[in-house]
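Visitor: Below is the file input_16.cif, with mmCIF, C-alpha atoms.
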```
data_upload
loop_
_atom_site.label_atom_id
_atom_site.label_comp_id
_atom_site.auth_asym_id
_atom_site.auth_seq_id
_atom_site.Cartn_x
_atom_site.Cartn_y
_atom_site.Cartn_z
CA MET A 1 -2.32 5.69 -14.92
CA LEU A 2 1.25 5.52 -13.69
CA PRO A 3 2.45 8.15 -11.18
CA LEU A 4 5.89 9.60 -11.87
CA SER A 5 6.32 12.37 -9.28
CA ASP A 6 4.42 14.82 -7.11
CA GLY A 7 7.18 17.44 -7.34
CA LEU A 8 7.21 17.98 -3.57
CA ARG A 9 10.47 17.31 -1.77
CA ALA A 10 10.32 16.23 1.85
CA ARG A 11 11.69 18.68 4.40
CA ASN A 12 13.65 15.90 6.10
CA PHE A 13 15.33 12.83 4.68
CA PRO A 14 12.63 10.08 4.66
CA ILE A 15 14.72 7.51 6.49
CA VAL A 16 11.83 5.17 7.33
CA ASN A 17 10.32 5.25 3.83
CA ILE A 18 13.71 4.60 2.21
CA SER A 19 14.40 1.81 4.71
CA LEU A 20 11.06 0.14 3.92
CA ILE A 21 11.82 0.25 0.21
CA VAL A 22 15.30 -1.20 0.76
CA ALA A 23 13.90 -3.93 3.02
CA ASN A 24 11.29 -4.93 0.42
CA PHE A 25 13.89 -5.16 -2.33
CA ALA A 26 16.28 -7.07 -0.04
CA VAL A 27 13.61 -9.67 0.75
CA TRP A 28 12.74 -9.97 -2.92
CA LEU A 29 16.33 -10.31 -4.14
CA PHE A 30 17.89 -12.43 -1.42
CA TYR A 31 14.99 -14.43 0.02
CA GLU A 32 12.37 -14.81 -2.68
CA LEU A 33 14.19 -14.94 -6.02
CA PRO A 34 16.38 -17.96 -5.16
CA ASN A 35 13.23 -20.05 -4.57
CA LEU A 36 10.06 -18.04 -5.10
CA ARG A 37 7.47 -20.76 -4.55
CA SER A 38 9.05 -21.95 -1.31
CA ALA A 39 9.45 -18.41 0.01
CA VAL A 40 5.83 -17.55 -0.70
CA PHE A 41 4.61 -20.82 0.80
CA HIS A 42 6.49 -20.37 4.07
CA ALA A 43 6.17 -16.62 4.70
CA ALA A 44 2.81 -15.60 3.17
CA PHE A 45 -0.36 -15.00 5.16
CA TYR A 46 -3.18 -17.56 5.00
CA PRO A 47 -6.70 -16.37 5.96
CA CYS A 48 -7.69 -19.92 6.91
CA ALA A 49 -5.11 -19.84 9.72
CA VAL A 50 -7.11 -17.15 11.52
CA ASN A 51 -10.13 -19.41 12.12
CA HIS A 52 -7.95 -22.54 12.41
CA ALA A 53 -9.41 -24.05 9.25
CA CYS A 54 -5.89 -24.89 8.10
CA HIS A 55 -2.40 -25.26 9.50
CA ALA A 56 -0.17 -22.56 8.03
CA PRO A 57 3.65 -22.80 8.00
CA GLU A 58 3.83 -19.80 10.36
CA SER A 59 1.43 -18.39 12.94
CA TRP A 60 -0.87 -15.77 11.43
CA GLY A 61 0.29 -13.42 14.22
CA VAL A 62 3.74 -13.51 12.60
CA SER A 63 2.89 -14.03 8.94
CA TRP A 64 0.85 -10.83 8.61
CA ILE A 65 4.18 -9.03 9.06
CA THR A 66 6.35 -11.28 6.88
CA ALA A 67 3.74 -11.24 4.11
CA MET A 68 3.98 -7.44 3.93
CA PHE A 69 7.52 -7.78 2.58
CA LEU A 70 6.77 -10.47 -0.01
CA HIS A 71 5.95 -9.94 -3.68
CA GLY A 72 4.98 -12.29 -6.47
CA SER A 73 6.80 -10.79 -9.45
CA TRP A 74 9.00 -7.94 -10.64
CA ASP A 75 5.89 -6.02 -11.75
CA HIS A 76 4.37 -6.46 -8.30
CA ILE A 77 7.32 -5.09 -6.33
CA LEU A 78 8.25 -2.34 -8.80
CA GLY A 79 4.70 -1.01 -8.89
CA ASN A 80 4.36 -1.07 -5.11
CA MET A 81 7.72 0.58 -4.48
CA LEU A 82 7.02 3.29 -7.05
CA PHE A 83 3.85 4.31 -5.22
CA LEU A 84 5.61 4.12 -1.84
CA ALA A 85 8.54 6.22 -3.06
CA ILE A 86 6.32 8.97 -4.48
CA PHE A 87 3.66 9.24 -1.78
CA GLY A 88 5.34 7.83 1.31
CA LYS A 89 8.10 10.40 1.68
CA ASN A 90 5.68 13.27 2.23
CA VAL A 91 3.43 11.33 4.57
CA GLU A 92 6.48 10.49 6.67
CA ASP A 93 7.50 14.15 6.50
CA ALA A 94 4.12 15.20 7.94
CA PHE A 95 3.82 12.37 10.49
CA GLY A 96 7.41 12.20 11.73
CA SER A 97 9.48 9.08 11.25
CA LEU A 98 8.47 7.05 14.32
CA ARG A 99 4.76 7.77 13.97
CA TYR A 100 4.97 6.96 10.26
CA LEU A 101 6.62 3.60 10.97
CA GLY A 102 3.88 2.64 13.41
CA PHE A 103 1.22 3.90 11.01
CA TYR A 104 2.66 1.86 8.12
CA PHE A 105 2.53 -1.42 10.05
CA ALA A 106 -0.88 -0.64 11.56
CA GLY A 107 -2.19 0.09 8.06
CA GLY A 108 -0.78 -3.19 6.80
CA PHE A 109 -2.46 -5.07 9.63
CA VAL A 110 -5.85 -3.42 9.08
CA ALA A 111 -5.61 -4.06 5.34
CA MET A 112 -4.73 -7.73 5.84
CA MET A 113 -7.53 -8.23 8.37
CA THR A 114 -10.06 -6.51 6.10
CA GLN A 115 -9.27 -8.89 3.24
CA THR A 116 -9.24 -11.84 5.64
CA LEU A 117 -12.62 -10.94 7.12
CA MET A 118 -14.26 -10.64 3.71
CA THR A 119 -12.65 -13.86 2.51
CA LEU A 120 -13.81 -15.83 5.57
CA LEU A 121 -17.31 -14.34 5.48
CA ALA A 122 -18.05 -14.59 1.75
CA GLY A 123 -15.32 -16.66 0.15
CA THR A 124 -14.92 -20.39 -0.17
CA ALA A 125 -12.64 -22.68 1.82
CA ALA A 126 -10.31 -22.77 -1.20
CA ASP A 127 -10.18 -18.96 -1.28
CA ALA A 128 -9.13 -18.91 2.38
CA ARG A 129 -6.13 -21.13 1.56
CA VAL A 130 -4.79 -18.76 -1.11
CA PRO A 131 -1.66 -17.05 0.27
CA ASN A 132 -1.88 -13.28 0.74
CA LEU A 133 1.28 -11.24 0.22
CA GLY A 134 2.49 -7.80 -0.72
CA ALA A 135 3.04 -4.32 0.66
CA SER A 136 0.06 -2.83 -1.16
CA GLY A 137 -2.28 -2.87 1.86
CA ALA A 138 0.13 -0.77 3.92
CA ILE A 139 0.83 1.43 0.90
CA ALA A 140 -2.93 1.92 0.45
CA ALA A 141 -2.97 3.35 3.99
CA VAL A 142 -0.19 5.74 2.95
CA LEU A 143 -2.26 6.80 -0.07
CA GLY A 144 -5.26 7.43 2.16
CA ALA A 145 -3.17 9.65 4.40
CA TYR A 146 -1.72 11.50 1.41
CA PHE A 147 -5.26 12.11 0.12
CA VAL A 148 -6.02 13.99 3.35
CA LEU A 149 -2.69 15.77 3.79
CA TYR A 150 -1.91 16.86 0.22
CA PRO A 151 -5.20 16.82 -1.72
CA THR A 152 -4.28 19.64 -4.10
CA SER A 153 -0.73 18.52 -4.93
CA ARG A 154 -0.34 17.75 -8.61
CA VAL A 155 0.85 14.28 -9.52
CA LEU A 156 2.79 13.95 -12.75
CA THR A 157 1.06 10.91 -14.25
CA LEU A 158 1.69 8.85 -17.34
CA VAL A 159 -1.73 8.40 -18.92
CA PHE A 160 -1.16 5.84 -21.66
CA VAL A 161 1.90 7.58 -23.18
CA TRP A 162 1.19 11.21 -22.22
CA PRO A 163 2.59 12.80 -19.04
CA ILE A 164 -0.16 14.88 -17.39
CA ARG A 165 -0.32 16.63 -14.02
CA ILE A 166 -3.40 15.52 -12.09
CA PRO A 167 -4.56 16.84 -8.70
CA ALA A 168 -3.83 14.25 -6.02
CA PHE A 169 -7.45 14.07 -4.89
CA VAL A 170 -8.46 13.16 -8.45
CA PHE A 171 -5.66 10.63 -8.98
CA LEU A 172 -6.14 8.93 -5.61
CA GLY A 173 -9.91 9.22 -5.78
CA LEU A 174 -9.94 7.38 -9.10
CA TRP A 175 -7.48 4.82 -7.72
CA PHE A 176 -9.74 4.15 -4.73
CA LEU A 177 -12.86 3.98 -6.89
CA TYR A 178 -11.20 1.34 -9.05
CA GLN A 179 -10.28 -0.72 -5.97
CA LEU A 180 -13.82 -0.43 -4.66
CA ILE A 181 -15.37 -1.51 -7.96
CA GLU A 182 -13.01 -4.46 -8.34
CA ALA A 183 -13.58 -5.44 -4.70
CA ASN A 184 -17.28 -5.71 -5.37
CA PHE A 185 -17.02 -7.49 -8.71
CA GLY A 186 -13.97 -9.63 -8.40
CA LEU A 187 -12.91 -10.08 -4.97
CA PHE A 188 -12.89 -13.38 -3.27
CA SER A 189 -11.56 -15.86 -5.76
CA SER A 190 -7.98 -16.20 -6.89
CA THR A 191 -9.39 -16.46 -10.43
CA ALA A 192 -11.63 -13.42 -10.11
CA ASN A 193 -11.10 -9.95 -11.56
CA GLY A 194 -7.50 -8.87 -11.11
CA GLY A 195 -6.15 -12.41 -10.93
CA GLY A 196 -6.28 -12.71 -7.17
CA VAL A 197 -5.48 -9.10 -6.23
CA ALA A 198 -6.59 -8.41 -2.66
CA PHE A 199 -8.78 -5.42 -3.46
CA PHE A 200 -10.47 -5.39 -0.07
CA ALA A 201 -7.03 -5.02 1.52
CA HIS A 202 -6.55 -1.89 -0.58
CA VAL A 203 -9.97 -0.55 0.40
CA GLY A 204 -9.42 -1.25 4.10
CA GLY A 205 -5.92 0.21 4.09
CA PHE A 206 -6.97 3.38 2.26
CA LEU A 207 -9.91 4.05 4.59
CA PHE A 208 -7.68 3.44 7.62
CA GLY A 209 -5.11 5.92 6.32
CA LEU A 210 -7.79 8.48 5.53
CA LEU A 211 -9.29 8.17 9.02
CA VAL A 212 -5.99 8.32 10.92
CA ALA A 213 -4.68 11.27 8.93
CA THR A 214 -7.95 13.16 9.40
CA VAL A 215 -7.92 12.64 13.17
CA LEU A 216 -4.25 13.60 13.52
CA LEU A 217 -4.61 16.63 11.25
CA ASN A 218 -7.63 17.94 13.14
CA ALA A 219 -5.75 17.41 16.41
CA GLY A 220 -2.74 19.33 15.12
CA ARG A 221 -0.48 16.28 15.47
CA VAL A 222 0.75 16.21 11.87
CA GLN A 223 2.27 19.05 9.86
CA PRO A 224 1.93 18.69 6.09
CA GLN A 225 3.64 21.20 3.84
CA ASP A 226 1.68 23.78 1.90
CA TYR A 227 2.14 22.28 -1.55
CA HIS A 228 1.38 25.41 -3.55
CA ALA A 229 3.53 27.65 -1.35
CA VAL A 230 6.53 25.29 -1.63
CA VAL A 231 6.24 24.31 -5.28
CA GLY A 232 5.20 27.81 -6.29
CA ALA A 233 8.18 29.29 -4.45
CA ALA A 234 10.51 26.76 -6.05
CA ALA A 235 9.18 27.59 -9.48
#
```
Turn this file's structure into structure tokens for me.
Guide:
Amino acid sequence: MLPLSDGLRARNFPIVNISLIVANFAVWLFYELPNLRSAVFHAAFYPCAVNHACHAPESWGVSWITAMFLHGSWDHILGNMLFLAIFGKNVEDAFGSLRYLGFYFAGGFVAMMTQTLMTLLAGTAADARVPNLGASGAIAAVLGAYFVLYPTSRVLTLVFVWPIRIPAFVFLGLWFLYQLIEANFGLFSSTANGGGVAFFAHVGGFLFGLLVATVLLNAGRVQPQDYHAVVGAAA
């Protein structure tokens, strides 16, 4: 299932979300593409660096940030940025730009540490030396927040070749279920299901986003739009 749009415009220009997308593409085009293997080697995150089982090119305290802006292929970055563009703008709109920026990086950190913890606890030494990279952990946190803030919005989704509108709680619920299943069946090895996808990072990020958004919403600190009032009025 490929999301195309949620049909809900943000009330304010999503400056942080747009800036994150631009930054990811800039890193991909100007830093990674000229020498992809070297870029990944030097700026990715290595779980083995956390318990000092290996010597990584950069400190893990720095590389968890740099790794969030790395991608391994065109498919990887285009897929991630599509999800961020569709769901991130409205989460930023509800959170406010500064809170959203902090939330995005906190989500990325929690996602990276979740995958690292599971790799170090249940993976092999070779698994811990596989570089981790990508924005999907932070984006998973954004999806978790969207699930709480806009559960009844309708996501225009390409299902095989048919565009269908699916309630956000169904779309994101199925997305999370898939991550959870793959995390349990594939997870630690770079040759496991998904070809080395960090599914536990997605699970950890999503749960973090869900928790933070729930707390802030209940405290009245975030202000999501009423999807049906806005889209219905526009229609």
Visitor: Kindly provide the residues of stretch 107-198 of chain A that approach stretch 39-42 of chain A to within 10 Å, each paired with its closest atom pair and their distance in Å to one decimal, based on all atoms listed in the file, listed by chain and increasing number, as JSON lines.
Guide:
```
{"residue": "A:Val130", "atom": "CA", "partner": "A:Phe41", "partner_atom": "CA", "distance": 9.8}
{"residue": "A:Pro131", "atom": "CA", "partner": "A:Phe41", "partner_atom": "CA", "distance": 7.3}
{"residue": "A:Asn132", "atom": "CA", "partner": "A:Val40", "partner_atom": "CA", "distance": 8.9}
{"residue": "A:Leu133", "atom": "CA", "partner": "A:Val40", "partner_atom": "CA", "distance": 7.8}
```
Visitor: Name the residues in contact with stretch 169-186 of chain A at a cut-off of 8 Å, using all atoms listed in the file, excluding same-chain residues fewer than 4 positions from it; report them as a PyMOL selection string.
Guide: chain A and resi 143-144+147+151-152+155+192-194+198-200+202-203+206
Visitor: Smallest atom-to-atom distance to A:Tyr150: which of A:Ala126, A:Ala168, A:Val27, A:Leu84, using only C-alpha atoms?
Guide: A:Ala168
Visitor: Looking at A:Val50, A:Leu149, A:Ala67, A:Val110, which one is nearest to A:Gly220, with distances taken over only C-alpha atoms?
Guide: A:Leu149
Visitor: To verify the selection step, state as a ChimeraX atom specification which residues the PyMOL selection byres ((chain A and resi 115) around 12) yields on this input.
Guide: /A:45-48,50,64,108-114,116-123,127-128,130-133,136-137,183,187-189,196-205
Visitor: Out of A:Val148, A:Ala141, A:Val212, A:Ala49, which residue has the shortest atom-to-atom distance to A:Arg129 when counting all atoms listed in the file?
Guide: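 With all atoms listed in the file as the atom set, the closest residue is A:Ala49.
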Visitor: For this structure, which residues satisfy the selection - the PyMOL selection byres ((chain A and resi 227) around 8) - when it is evaluated on the file as given? I want them as a count of residues only.
Guide: 11
Visitor: Going by the chain IDs and residue numbers used in this file, which residues fall under the PyMOL selection byres ((chain A and resi 157-164) around 12)? Write them as a compact mmCIF listing (two decimals) with C-alpha atoms, in the frame of the given file.
Guide:
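Output below, filename out21.txt:
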```
# COMPACT_ATOMS: atom_id res chain seq x y z
CA MET A 1 -2.32 5.69 -14.92
CA LEU A 2 1.25 5.52 -13.69
CA PRO A 3 2.45 8.15 -11.18
CA LEU A 4 5.89 9.60 -11.87
CA SER A 5 6.32 12.37 -9.28
CA ASP A 6 4.42 14.82 -7.11
CA GLY A 7 7.18 17.44 -7.34
CA PHE A 83 3.85 4.31 -5.22
CA ILE A 86 6.32 8.97 -4.48
CA ARG A 154 -0.34 17.75 -8.61
CA VAL A 155 0.85 14.28 -9.52
CA LEU A 156 2.79 13.95 -12.75
CA ARG A 165 -0.32 16.63 -14.02
CA ILE A 166 -3.40 15.52 -12.09
CA PRO A 167 -4.56 16.84 -8.70
CA ALA A 168 -3.83 14.25 -6.02
CA VAL A 170 -8.46 13.16 -8.45
CA PHE A 171 -5.66 10.63 -8.98
CA LEU A 172 -6.14 8.93 -5.61
```
Visitor: Just how far from atom CA of A:Asn90 is atom CA of A:Thr66, in Å to one decimal?
Guide: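 One can read the atom CA of A:Thr66 to atom CA of A:Asn90 distance as 25.0 Å.
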Visitor: Once you count all atoms listed in the file, which residues end up no further than 12 Å from (15.6, 9.7, 2.5) in the file's frame, shown as a list of chain:residue names?
Guide: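 Selection result: A:Arg9, A:Ala10, A:Arg11, A:Asn12, A:Phe13, A:Pro14, A:Ile15, A:Val16, A:Asn17, A:Ile18, A:Ser19, A:Leu20, A:Ile21, A:Val22, A:Ala85, A:Ile86, A:Gly88, A:Lys89, A:Asn90, A:Glu92, A:Asp93, A:Ser97.
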Visitor: How far is it from atom CA of A:Gly72 to atom CA of A:Glu32, in Å with one decimal?
Guide: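 Calculated distance between atom CA of A:Gly72 and atom CA of A:Glu32 is 8.7 Å.
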Visitor: Give me, please, the distance in Å between atom CA of A:Asn218 and atom CA of A:Phe105, quoted to one decimal.
Guide: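 That distance, rounded to one decimal, is 22.1 Å.
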Visitor: Using all atoms listed in the file for the distances, tell me which of A:Tyr146, A:Trp28, A:Phe208, A:Pro224 is nearest to A:Leu78.
Guide: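 Of the candidates, the smallest distance to A:Leu78 is held by A:Trp28.
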Visitor: Find, counting only C-alpha atoms, the residue in A:Gly79, A:Pro57, A:Gly96, A:Gly107 that gets nearest to A:Leu207.
Guide: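 Of A:Gly79, A:Pro57, A:Gly96, A:Gly107, the one nearest A:Leu207, counting only C-alpha atoms, is A:Gly107.
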